[in-house]
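Okay, run10.cif is below, mmCIF, N, CA and C atoms:
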```cif
data_input
#
loop_
_atom_site.group_PDB
_atom_site.id
_atom_site.type_symbol
_atom_site.label_atom_id
_atom_site.label_comp_id
_atom_site.auth_asym_id
_atom_site.auth_seq_id
_atom_site.Cartn_x
_atom_site.Cartn_y
_atom_site.Cartn_z
ATOM 1 N N MET A 1 93.376 89.206 111.245
ATOM 2 C CA MET A 1 92.184 89.649 111.899
ATOM 3 C C MET A 1 92.095 91.170 111.799
ATOM 4 N N GLY A 2 90.935 91.678 111.499
ATOM 5 C CA GLY A 2 90.776 93.103 111.350
ATOM 6 C C GLY A 2 91.042 93.596 109.940
ATOM 7 N N GLU A 3 91.509 92.714 109.066
ATOM 8 C CA GLU A 3 91.780 93.093 107.687
ATOM 9 C C GLU A 3 90.488 93.011 106.877
ATOM 10 N N ASN A 4 90.216 94.038 106.131
ATOM 11 C CA ASN A 4 89.038 94.030 105.267
ATOM 12 C C ASN A 4 89.347 93.475 103.884
ATOM 13 N N ASN A 5 90.587 93.325 103.565
ATOM 14 C CA ASN A 5 90.982 92.913 102.227
ATOM 15 C C ASN A 5 91.579 91.513 102.222
ATOM 16 N N THR A 6 90.958 90.566 102.881
ATOM 17 C CA THR A 6 91.471 89.199 102.857
ATOM 18 C C THR A 6 91.213 88.604 101.488
ATOM 19 N N PRO A 7 92.120 87.766 100.987
ATOM 20 C CA PRO A 7 92.009 87.271 99.613
ATOM 21 C C PRO A 7 90.822 86.342 99.387
ATOM 22 N N GLY A 8 90.325 85.654 100.392
ATOM 23 C CA GLY A 8 89.252 84.695 100.179
ATOM 24 C C GLY A 8 87.853 85.299 100.166
ATOM 25 N N GLU A 9 87.707 86.552 100.526
ATOM 26 C CA GLU A 9 86.376 87.167 100.596
ATOM 27 C C GLU A 9 86.098 87.987 99.350
ATOM 28 N N ARG A 10 84.839 87.996 98.993
ATOM 29 C CA ARG A 10 84.422 88.824 97.868
ATOM 30 C C ARG A 10 83.977 90.177 98.379
ATOM 31 N N GLN A 11 84.344 91.188 97.670
ATOM 32 C CA GLN A 11 83.914 92.541 98.021
ATOM 33 C C GLN A 11 82.487 92.743 97.515
ATOM 34 N N PRO A 12 81.631 93.368 98.316
ATOM 35 C CA PRO A 12 80.264 93.628 97.837
ATOM 36 C C PRO A 12 80.296 94.603 96.665
ATOM 37 N N SER A 13 79.523 94.287 95.651
ATOM 38 C CA SER A 13 79.509 95.152 94.478
ATOM 39 C C SER A 13 78.519 96.296 94.708
ATOM 40 N N LYS A 14 78.906 97.455 94.247
ATOM 41 C CA LYS A 14 78.049 98.629 94.365
ATOM 42 C C LYS A 14 77.133 98.665 93.151
ATOM 43 N N PRO A 15 75.868 99.082 93.342
ATOM 44 C CA PRO A 15 74.990 99.188 92.181
ATOM 45 C C PRO A 15 75.491 100.286 91.239
ATOM 46 N N ALA A 16 75.356 100.035 89.967
ATOM 47 C CA ALA A 16 75.822 101.003 88.978
ATOM 48 C C ALA A 16 74.940 102.242 89.029
ATOM 49 N N LYS A 17 75.579 103.395 89.055
ATOM 50 C CA LYS A 17 74.845 104.654 89.055
ATOM 51 C C LYS A 17 74.787 105.193 87.642
ATOM 52 N N LEU A 18 73.652 105.795 87.316
ATOM 53 C CA LEU A 18 73.546 106.467 86.034
ATOM 54 C C LEU A 18 74.332 107.764 86.097
ATOM 55 N N PRO A 19 74.941 108.143 85.015
ATOM 56 C CA PRO A 19 75.595 109.451 85.016
ATOM 57 C C PRO A 19 74.582 110.553 85.329
ATOM 58 N N ALA A 20 75.051 111.631 85.902
ATOM 59 C CA ALA A 20 74.170 112.685 86.391
ATOM 60 C C ALA A 20 73.351 113.330 85.280
ATOM 61 N N ALA A 21 73.832 113.340 84.060
ATOM 62 C CA ALA A 21 73.122 114.020 82.979
ATOM 63 C C ALA A 21 72.114 113.126 82.268
ATOM 64 N N VAL A 22 72.081 111.837 82.555
ATOM 65 C CA VAL A 22 71.206 110.929 81.812
ATOM 66 C C VAL A 22 69.739 111.110 82.206
ATOM 67 N N VAL A 23 69.451 111.194 83.495
ATOM 68 C CA VAL A 23 68.059 111.268 83.946
ATOM 69 C C VAL A 23 67.379 112.555 83.479
ATOM 70 N N PRO A 24 67.986 113.736 83.660
ATOM 71 C CA PRO A 24 67.294 114.925 83.149
ATOM 72 C C PRO A 24 67.209 114.943 81.624
ATOM 73 N N PHE A 25 68.197 114.351 80.952
ATOM 74 C CA PHE A 25 68.130 114.280 79.491
ATOM 75 C C PHE A 25 66.960 113.403 79.046
ATOM 76 N N LEU A 26 66.770 112.269 79.714
ATOM 77 C CA LEU A 26 65.634 111.406 79.375
ATOM 78 C C LEU A 26 64.299 112.094 79.674
ATOM 79 N N GLY A 27 64.228 112.807 80.793
ATOM 80 C CA GLY A 27 63.007 113.535 81.124
ATOM 81 C C GLY A 27 62.705 114.616 80.108
ATOM 82 N N LEU A 28 63.717 115.367 79.729
ATOM 83 C CA LEU A 28 63.524 116.425 78.736
ATOM 84 C C LEU A 28 63.163 115.842 77.376
ATOM 85 N N ALA A 29 63.775 114.720 77.021
ATOM 86 C CA ALA A 29 63.443 114.070 75.751
ATOM 87 C C ALA A 29 62.006 113.575 75.758
ATOM 88 N N ALA A 30 61.534 113.061 76.899
ATOM 89 C CA ALA A 30 60.144 112.602 76.992
ATOM 90 C C ALA A 30 59.175 113.771 76.883
ATOM 91 N N VAL A 31 59.508 114.903 77.499
ATOM 92 C CA VAL A 31 58.635 116.081 77.410
ATOM 93 C C VAL A 31 58.574 116.585 75.976
ATOM 94 N N LEU A 32 59.726 116.743 75.346
ATOM 95 C CA LEU A 32 59.747 117.234 73.968
ATOM 96 C C LEU A 32 59.102 116.245 73.004
ATOM 97 N N GLY A 33 59.376 114.958 73.185
ATOM 98 C CA GLY A 33 58.746 113.949 72.324
ATOM 99 C C GLY A 33 57.244 113.904 72.511
ATOM 100 N N GLY A 34 56.783 114.013 73.749
ATOM 101 C CA GLY A 34 55.345 114.025 74.011
ATOM 102 C C GLY A 34 54.661 115.233 73.407
ATOM 103 N N CYS A 35 55.303 116.394 73.515
ATOM 104 C CA CYS A 35 54.722 117.601 72.906
ATOM 105 C C CYS A 35 54.696 117.480 71.383
ATOM 106 N N LEU A 36 55.725 116.887 70.814
ATOM 107 C CA LEU A 36 55.763 116.704 69.363
ATOM 108 C C LEU A 36 54.677 115.733 68.906
ATOM 109 N N VAL A 37 54.511 114.621 69.625
ATOM 110 C CA VAL A 37 53.464 113.653 69.282
ATOM 111 C C VAL A 37 52.085 114.292 69.423
ATOM 112 N N ALA A 38 51.873 115.067 70.483
ATOM 113 C CA ALA A 38 50.579 115.724 70.681
ATOM 114 C C ALA A 38 50.318 116.754 69.590
ATOM 115 N N TYR A 39 51.357 117.472 69.174
ATOM 116 C CA TYR A 39 51.186 118.480 68.134
ATOM 117 C C TYR A 39 50.898 117.843 66.775
ATOM 118 N N LEU A 40 51.594 116.758 66.468
ATOM 119 C CA LEU A 40 51.403 116.128 65.157
ATOM 120 C C LEU A 40 50.093 115.364 65.053
ATOM 121 N N ASN A 41 49.498 114.970 66.170
ATOM 122 C CA ASN A 41 48.250 114.211 66.136
ATOM 123 C C ASN A 41 47.034 115.063 66.457
ATOM 124 N N ARG A 42 47.158 116.364 66.340
ATOM 125 C CA ARG A 42 45.997 117.204 66.615
ATOM 126 C C ARG A 42 44.973 117.011 65.499
ATOM 127 N N ASP A 43 43.741 117.231 65.852
ATOM 128 C CA ASP A 43 42.661 117.034 64.893
ATOM 129 C C ASP A 43 41.760 118.255 64.959
ATOM 130 N N PHE A 44 41.431 118.781 63.812
ATOM 131 C CA PHE A 44 40.564 119.937 63.769
ATOM 132 C C PHE A 44 39.119 119.462 63.695
ATOM 133 N N THR A 45 38.299 120.017 64.562
ATOM 134 C CA THR A 45 36.895 119.625 64.559
ATOM 135 C C THR A 45 36.153 120.417 63.496
ATOM 136 N N GLY A 46 35.234 119.770 62.884
ATOM 137 C CA GLY A 46 34.414 120.416 61.874
ATOM 138 C C GLY A 46 33.053 120.800 62.442
ATOM 139 N N TRP A 47 32.265 121.369 61.609
ATOM 140 C CA TRP A 47 30.942 121.793 62.029
ATOM 141 C C TRP A 47 29.965 120.649 61.775
ATOM 142 N N PHE A 48 29.095 120.415 62.719
ATOM 143 C CA PHE A 48 28.052 119.423 62.509
ATOM 144 C C PHE A 48 26.762 119.953 63.125
ATOM 145 N N ALA A 49 25.660 119.395 62.670
ATOM 146 C CA ALA A 49 24.358 119.855 63.153
ATOM 147 C C ALA A 49 23.514 118.638 63.498
ATOM 148 N N TYR A 50 22.404 118.881 64.103
ATOM 149 C CA TYR A 50 21.483 117.810 64.443
ATOM 150 C C TYR A 50 20.140 118.108 63.794
ATOM 151 N N ALA A 51 19.367 117.083 63.680
ATOM 152 C CA ALA A 51 18.027 117.242 63.101
ATOM 153 C C ALA A 51 17.058 117.520 64.243
ATOM 154 N N PRO A 52 16.534 118.735 64.355
ATOM 155 C CA PRO A 52 15.697 119.070 65.499
ATOM 156 C C PRO A 52 14.340 118.369 65.506
ATOM 157 N N LEU A 53 13.895 117.866 64.381
ATOM 158 C CA LEU A 53 12.579 117.252 64.331
ATOM 159 C C LEU A 53 12.615 115.741 64.532
ATOM 160 N N SER A 54 13.769 115.169 64.641
ATOM 161 C CA SER A 54 13.827 113.726 64.839
ATOM 162 C C SER A 54 13.585 113.404 66.307
ATOM 163 N N ASN A 55 13.166 112.195 66.575
ATOM 164 C CA ASN A 55 12.868 111.777 67.943
ATOM 165 C C ASN A 55 14.059 111.132 68.644
ATOM 166 N N GLN A 56 15.176 111.061 67.991
ATOM 167 C CA GLN A 56 16.342 110.423 68.590
ATOM 168 C C GLN A 56 17.424 111.463 68.875
ATOM 169 N N PRO A 57 18.079 111.338 70.025
ATOM 170 C CA PRO A 57 19.145 112.293 70.334
ATOM 171 C C PRO A 57 20.385 112.000 69.493
ATOM 172 N N PHE A 58 21.182 113.010 69.338
ATOM 173 C CA PHE A 58 22.426 112.868 68.593
ATOM 174 C C PHE A 58 23.460 112.149 69.457
ATOM 175 N N THR A 59 24.008 111.090 68.924
ATOM 176 C CA THR A 59 25.112 110.405 69.593
ATOM 177 C C THR A 59 26.249 110.277 68.599
ATOM 178 N N ALA A 60 27.400 110.712 69.003
ATOM 179 C CA ALA A 60 28.578 110.620 68.145
ATOM 180 C C ALA A 60 29.493 109.555 68.736
ATOM 181 N N ASN A 61 29.392 108.352 68.253
ATOM 182 C CA ASN A 61 30.236 107.261 68.751
ATOM 183 C C ASN A 61 31.676 107.487 68.309
ATOM 184 N N GLY A 62 32.559 107.504 69.271
ATOM 185 C CA GLY A 62 33.972 107.672 68.969
ATOM 186 C C GLY A 62 34.393 109.113 68.764
ATOM 187 N N ALA A 63 33.488 110.053 68.921
ATOM 188 C CA ALA A 63 33.867 111.455 68.757
ATOM 189 C C ALA A 63 34.591 111.937 70.013
ATOM 190 N N ALA A 64 35.688 112.597 69.805
ATOM 191 C CA ALA A 64 36.454 113.141 70.925
ATOM 192 C C ALA A 64 37.071 114.451 70.484
ATOM 193 N N PHE A 65 37.188 115.360 71.395
ATOM 194 C CA PHE A 65 37.828 116.625 71.070
ATOM 195 C C PHE A 65 39.354 116.484 71.078
ATOM 196 N N ILE A 66 39.841 115.502 71.792
ATOM 197 C CA ILE A 66 41.274 115.218 71.821
ATOM 198 C C ILE A 66 41.464 113.800 71.302
ATOM 199 N N THR A 67 42.248 113.645 70.255
ATOM 200 C CA THR A 67 42.446 112.320 69.672
ATOM 201 C C THR A 67 43.299 111.452 70.586
ATOM 202 N N GLN A 68 43.317 110.166 70.304
ATOM 203 C CA GLN A 68 44.113 109.251 71.123
ATOM 204 C C GLN A 68 45.608 109.527 70.987
ATOM 205 N N GLY A 69 46.042 109.932 69.821
ATOM 206 C CA GLY A 69 47.454 110.279 69.642
ATOM 207 C C GLY A 69 47.836 111.493 70.472
ATOM 208 N N THR A 70 46.940 112.476 70.533
ATOM 209 C CA THR A 70 47.200 113.652 71.354
ATOM 210 C C THR A 70 47.220 113.272 72.827
ATOM 211 N N GLN A 71 46.300 112.416 73.243
ATOM 212 C CA GLN A 71 46.273 111.965 74.628
ATOM 213 C C GLN A 71 47.571 111.220 74.981
ATOM 214 N N LEU A 72 48.044 110.385 74.064
ATOM 215 C CA LEU A 72 49.297 109.656 74.292
ATOM 216 C C LEU A 72 50.476 110.616 74.403
ATOM 217 N N GLY A 73 50.527 111.609 73.530
ATOM 218 C CA GLY A 73 51.599 112.590 73.583
ATOM 219 C C GLY A 73 51.583 113.398 74.866
ATOM 220 N N LEU A 74 50.396 113.801 75.310
ATOM 221 C CA LEU A 74 50.296 114.556 76.559
ATOM 222 C C LEU A 74 50.680 113.688 77.755
ATOM 223 N N ALA A 75 50.299 112.416 77.725
ATOM 224 C CA ALA A 75 50.682 111.508 78.816
ATOM 225 C C ALA A 75 52.195 111.326 78.856
ATOM 226 N N LEU A 76 52.823 111.223 77.693
ATOM 227 C CA LEU A 76 54.280 111.097 77.637
ATOM 228 C C LEU A 76 54.951 112.354 78.172
ATOM 229 N N ALA A 77 54.407 113.519 77.853
ATOM 230 C CA ALA A 77 54.966 114.769 78.363
ATOM 231 C C ALA A 77 54.827 114.842 79.886
ATOM 232 N N VAL A 78 53.704 114.381 80.417
ATOM 233 C CA VAL A 78 53.509 114.385 81.877
ATOM 234 C C VAL A 78 54.504 113.443 82.552
ATOM 235 N N VAL A 79 54.746 112.280 81.954
ATOM 236 C CA VAL A 79 55.732 111.348 82.518
ATOM 237 C C VAL A 79 57.117 111.990 82.510
ATOM 238 N N GLY A 80 57.450 112.684 81.444
ATOM 239 C CA GLY A 80 58.732 113.381 81.395
ATOM 240 C C GLY A 80 58.847 114.460 82.455
ATOM 241 N N LEU A 81 57.755 115.191 82.696
ATOM 242 C CA LEU A 81 57.770 116.202 83.748
ATOM 243 C C LEU A 81 57.908 115.569 85.129
ATOM 244 N N LEU A 82 57.293 114.413 85.320
ATOM 245 C CA LEU A 82 57.441 113.709 86.596
ATOM 246 C C LEU A 82 58.884 113.244 86.806
ATOM 247 N N VAL A 83 59.526 112.769 85.754
ATOM 248 C CA VAL A 83 60.932 112.359 85.855
ATOM 249 C C VAL A 83 61.802 113.553 86.197
ATOM 250 N N LEU A 84 61.551 114.695 85.557
ATOM 251 C CA LEU A 84 62.329 115.890 85.860
ATOM 252 C C LEU A 84 62.094 116.367 87.292
ATOM 253 N N ALA A 85 60.859 116.294 87.775
ATOM 254 C CA ALA A 85 60.556 116.703 89.146
ATOM 255 C C ALA A 85 61.230 115.766 90.150
ATOM 256 N N PHE A 86 61.220 114.469 89.868
ATOM 257 C CA PHE A 86 61.886 113.513 90.748
ATOM 258 C C PHE A 86 63.381 113.785 90.794
ATOM 259 N N TRP A 87 63.967 114.032 89.633
ATOM 260 C CA TRP A 87 65.402 114.292 89.573
ATOM 261 C C TRP A 87 65.753 115.573 90.328
ATOM 262 N N ALA A 88 64.950 116.630 90.150
ATOM 263 C CA ALA A 88 65.215 117.888 90.845
ATOM 264 C C ALA A 88 65.105 117.711 92.355
ATOM 265 N N GLY A 89 64.125 116.957 92.817
ATOM 266 C CA GLY A 89 63.995 116.690 94.241
ATOM 267 C C GLY A 89 65.144 115.861 94.779
ATOM 268 N N LEU A 90 65.601 114.916 93.999
ATOM 269 C CA LEU A 90 66.733 114.083 94.412
ATOM 270 C C LEU A 90 68.005 114.910 94.528
ATOM 271 N N VAL A 91 68.236 115.777 93.569
ATOM 272 C CA VAL A 91 69.427 116.625 93.602
ATOM 273 C C VAL A 91 69.344 117.605 94.770
ATOM 274 N N ALA A 92 68.183 118.202 94.989
ATOM 275 C CA ALA A 92 68.034 119.137 96.105
ATOM 276 C C ALA A 92 68.184 118.419 97.440
ATOM 277 N N GLY A 93 67.699 117.208 97.554
ATOM 278 C CA GLY A 93 67.841 116.443 98.782
ATOM 279 C C GLY A 93 69.277 116.057 99.058
ATOM 280 N N ARG A 94 70.033 115.762 98.034
ATOM 281 C CA ARG A 94 71.447 115.423 98.226
ATOM 282 C C ARG A 94 72.253 116.626 98.691
ATOM 283 N N ARG A 95 71.896 117.795 98.202
ATOM 284 C CA ARG A 95 72.644 118.999 98.574
ATOM 285 C C ARG A 95 72.359 119.407 100.005
ATOM 286 N N THR A 96 71.114 119.364 100.425
ATOM 287 C CA THR A 96 70.764 119.881 101.745
ATOM 288 C C THR A 96 70.839 118.817 102.833
ATOM 289 N N GLY A 97 70.743 117.553 102.492
ATOM 290 C CA GLY A 97 70.723 116.499 103.489
ATOM 291 C C GLY A 97 72.069 115.856 103.714
ATOM 292 N N SER A 98 73.130 116.647 103.800
ATOM 293 C CA SER A 98 74.463 116.063 103.898
ATOM 294 C C SER A 98 74.853 115.649 105.312
ATOM 295 N N GLY A 99 74.152 116.118 106.317
ATOM 296 C CA GLY A 99 74.549 115.761 107.681
ATOM 297 C C GLY A 99 73.367 115.719 108.618
ATOM 298 N N PRO A 100 73.544 115.080 109.779
ATOM 299 C CA PRO A 100 72.443 115.019 110.749
ATOM 300 C C PRO A 100 72.237 116.364 111.440
ATOM 301 N N ARG A 101 71.012 116.558 111.890
ATOM 302 C CA ARG A 101 70.685 117.824 112.578
ATOM 303 C C ARG A 101 70.462 117.597 114.031
#
```

Structure rendered as structure tokens:
Amino acid sequence: MGENNTPGERQPSKPAKLPAAVVPFLGLAAVLGGCLVAYLNRDFTGWFAYAPLSNQPFTANGAAFITQGTQLGLALAVVGLLVLAFWAGLVAGRRTGSGPR
């Protein structure tokens, strides 16, 4: 009685922790990869004009100043920045929240 190490009981398993360097590395990789994807998918806009005497307005279906590849790269970079911000907040919280006040 009072023994925590009885042979018939199973010890509760602790959840596996990621090594401390994995989360910021993944965040930094996402930021750099997103910036690279956005840079490689940039599109230069050309000059275009409209016919002023026509009765129909100019509509450019599918025209965008930022391509979908650039949008995807920027979204990936934002996700990486969010991961880095979460990690920094977690580390700062662990350092300052060590005891009750």

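The residues returned by the PyMOL selection byres ((chain A and resi 62-78) around 6.5) for this structure are A:Ala30, A:Val31, A:Leu32, A:Gly33, A:Gly34, A:Cys35, A:Leu36, A:Val37, A:Ala38, A:Tyr39, A:Asn41, A:Arg42, A:Asp43, A:Ala60, A:Asn61, A:Val79, A:Gly80, A:Leu81, A:Leu82, A:Val83.
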
Atom C of A:Phe86 and atom CA of A:Gly27 are how many Å apart? 9.7 Å

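Going from atom C of A:Val22 to atom C of A:Leu90 covers 13.0 Å.
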
Please provide the set of residues having any atom within 9 Å of A:Val23, restricted to only C-alpha atoms, with same-chain residues fewer than 4 positions apart removed, written as a ChimeraX atom specification. /A:18-19,27-28,83-84,87

Here atom CA of A:Pro24 and atom C of A:Ala85 stand apart by 9.3 Å

Kindly output stretch 33-44 of chain A as a PDB file, keeping the file's coordinate frame, after building all heavy atoms.
```
ATOM      1  N   GLY A  33      59.376 114.958  73.185  1.00  0.00           N
ATOM      2  CA  GLY A  33      58.746 113.949  72.324  1.00  0.00           C
ATOM      3  C   GLY A  33      57.244 113.904  72.511  1.00  0.00           C
ATOM      4  O   GLY A  33      56.488 113.779  71.539  1.00  0.00           O
ATOM      5  N   GLY A  34      56.783 114.013  73.749  1.00  0.00           N
ATOM      6  CA  GLY A  34      55.345 114.025  74.011  1.00  0.00           C
ATOM      7  C   GLY A  34      54.661 115.233  73.407  1.00  0.00           C
ATOM      8  O   GLY A  34      53.567 115.127  72.837  1.00  0.00           O
ATOM      9  N   CYS A  35      55.303 116.394  73.515  1.00  0.00           N
ATOM     10  CA  CYS A  35      54.722 117.601  72.906  1.00  0.00           C
ATOM     11  C   CYS A  35      54.696 117.480  71.383  1.00  0.00           C
ATOM     12  O   CYS A  35      53.727 117.904  70.743  1.00  0.00           O
ATOM     13  CB  CYS A  35      55.510 118.827  73.324  1.00  0.00           C
ATOM     14  SG  CYS A  35      55.291 119.269  75.050  1.00  0.00           S
ATOM     15  N   LEU A  36      55.725 116.887  70.814  1.00  0.00           N
ATOM     16  CA  LEU A  36      55.763 116.704  69.363  1.00  0.00           C
ATOM     17  C   LEU A  36      54.677 115.733  68.906  1.00  0.00           C
ATOM     18  O   LEU A  36      53.982 115.990  67.918  1.00  0.00           O
ATOM     19  CB  LEU A  36      57.143 116.200  68.934  1.00  0.00           C
ATOM     20  CG  LEU A  36      57.361 116.026  67.434  1.00  0.00           C
ATOM     21  CD1 LEU A  36      57.311 117.383  66.751  1.00  0.00           C
ATOM     22  CD2 LEU A  36      58.675 115.341  67.165  1.00  0.00           C
ATOM     23  N   VAL A  37      54.511 114.621  69.625  1.00  0.00           N
ATOM     24  CA  VAL A  37      53.464 113.653  69.282  1.00  0.00           C
ATOM     25  C   VAL A  37      52.085 114.292  69.423  1.00  0.00           C
ATOM     26  O   VAL A  37      51.212 114.120  68.572  1.00  0.00           O
ATOM     27  CB  VAL A  37      53.582 112.387  70.163  1.00  0.00           C
ATOM     28  CG1 VAL A  37      52.359 111.507  70.043  1.00  0.00           C
ATOM     29  CG2 VAL A  37      54.821 111.612  69.787  1.00  0.00           C
ATOM     30  N   ALA A  38      51.873 115.067  70.483  1.00  0.00           N
ATOM     31  CA  ALA A  38      50.579 115.724  70.681  1.00  0.00           C
ATOM     32  C   ALA A  38      50.318 116.754  69.590  1.00  0.00           C
ATOM     33  O   ALA A  38      49.193 116.880  69.106  1.00  0.00           O
ATOM     34  CB  ALA A  38      50.530 116.390  72.057  1.00  0.00           C
ATOM     35  N   TYR A  39      51.357 117.472  69.174  1.00  0.00           N
ATOM     36  CA  TYR A  39      51.186 118.480  68.134  1.00  0.00           C
ATOM     37  C   TYR A  39      50.898 117.843  66.775  1.00  0.00           C
ATOM     38  O   TYR A  39      50.060 118.325  66.019  1.00  0.00           O
ATOM     39  CB  TYR A  39      52.438 119.354  68.054  1.00  0.00           C
ATOM     40  CG  TYR A  39      52.365 120.407  66.976  1.00  0.00           C
ATOM     41  CD1 TYR A  39      51.582 121.535  67.143  1.00  0.00           C
ATOM     42  CD2 TYR A  39      53.068 120.259  65.786  1.00  0.00           C
ATOM     43  CE1 TYR A  39      51.500 122.491  66.155  1.00  0.00           C
ATOM     44  CE2 TYR A  39      53.000 121.212  64.798  1.00  0.00           C
ATOM     45  CZ  TYR A  39      52.217 122.338  64.987  1.00  0.00           C
ATOM     46  OH  TYR A  39      52.137 123.274  64.001  1.00  0.00           O
ATOM     47  N   LEU A  40      51.594 116.758  66.468  1.00  0.00           N
ATOM     48  CA  LEU A  40      51.403 116.128  65.157  1.00  0.00           C
ATOM     49  C   LEU A  40      50.093 115.364  65.053  1.00  0.00           C
ATOM     50  O   LEU A  40      49.615 115.127  63.947  1.00  0.00           O
ATOM     51  CB  LEU A  40      52.578 115.190  64.862  1.00  0.00           C
ATOM     52  CG  LEU A  40      53.929 115.884  64.646  1.00  0.00           C
ATOM     53  CD1 LEU A  40      55.014 114.850  64.439  1.00  0.00           C
ATOM     54  CD2 LEU A  40      53.859 116.849  63.486  1.00  0.00           C
ATOM     55  N   ASN A  41      49.498 114.970  66.170  1.00  0.00           N
ATOM     56  CA  ASN A  41      48.250 114.211  66.136  1.00  0.00           C
ATOM     57  C   ASN A  41      47.034 115.063  66.457  1.00  0.00           C
ATOM     58  O   ASN A  41      45.992 114.529  66.806  1.00  0.00           O
ATOM     59  CB  ASN A  41      48.322 113.044  67.128  1.00  0.00           C
ATOM     60  CG  ASN A  41      49.198 111.943  66.611  1.00  0.00           C
ATOM     61  OD1 ASN A  41      49.062 111.529  65.471  1.00  0.00           O
ATOM     62  ND2 ASN A  41      50.112 111.478  67.435  1.00  0.00           N
ATOM     63  N   ARG A  42      47.158 116.364  66.340  1.00  0.00           N
ATOM     64  CA  ARG A  42      45.997 117.204  66.615  1.00  0.00           C
ATOM     65  C   ARG A  42      44.973 117.011  65.499  1.00  0.00           C
ATOM     66  O   ARG A  42      45.303 116.669  64.373  1.00  0.00           O
ATOM     67  CB  ARG A  42      46.409 118.653  66.764  1.00  0.00           C
ATOM     68  CG  ARG A  42      46.905 119.280  65.490  1.00  0.00           C
ATOM     69  CD  ARG A  42      47.499 120.646  65.758  1.00  0.00           C
ATOM     70  NE  ARG A  42      47.781 121.360  64.539  1.00  0.00           N
ATOM     71  CZ  ARG A  42      48.812 121.147  63.752  1.00  0.00           C
ATOM     72  NH1 ARG A  42      49.663 120.200  64.070  1.00  0.00           N
ATOM     73  NH2 ARG A  42      49.000 121.853  62.661  1.00  0.00           N
ATOM     74  N   ASP A  43      43.741 117.231  65.852  1.00  0.00           N
ATOM     75  CA  ASP A  43      42.661 117.034  64.893  1.00  0.00           C
ATOM     76  C   ASP A  43      41.760 118.255  64.959  1.00  0.00           C
ATOM     77  O   ASP A  43      41.367 118.698  66.040  1.00  0.00           O
ATOM     78  CB  ASP A  43      41.873 115.771  65.234  1.00  0.00           C
ATOM     79  CG  ASP A  43      40.918 115.369  64.132  1.00  0.00           C
ATOM     80  OD1 ASP A  43      41.113 115.822  62.990  1.00  0.00           O
ATOM     81  OD2 ASP A  43      39.977 114.620  64.413  1.00  0.00           O
ATOM     82  N   PHE A  44      41.431 118.781  63.812  1.00  0.00           N
ATOM     83  CA  PHE A  44      40.564 119.937  63.769  1.00  0.00           C
ATOM     84  C   PHE A  44      39.119 119.462  63.695  1.00  0.00           C
ATOM     85  O   PHE A  44      38.774 118.604  62.888  1.00  0.00           O
ATOM     86  CB  PHE A  44      40.895 120.810  62.554  1.00  0.00           C
ATOM     87  CG  PHE A  44      42.285 121.352  62.602  1.00  0.00           C
ATOM     88  CD1 PHE A  44      43.280 120.826  61.807  1.00  0.00           C
ATOM     89  CD2 PHE A  44      42.600 122.383  63.467  1.00  0.00           C
ATOM     90  CE1 PHE A  44      44.563 121.330  61.857  1.00  0.00           C
ATOM     91  CE2 PHE A  44      43.881 122.890  63.534  1.00  0.00           C
ATOM     92  CZ  PHE A  44      44.864 122.366  62.721  1.00  0.00           C
TER      93      PHE A  44
END
```
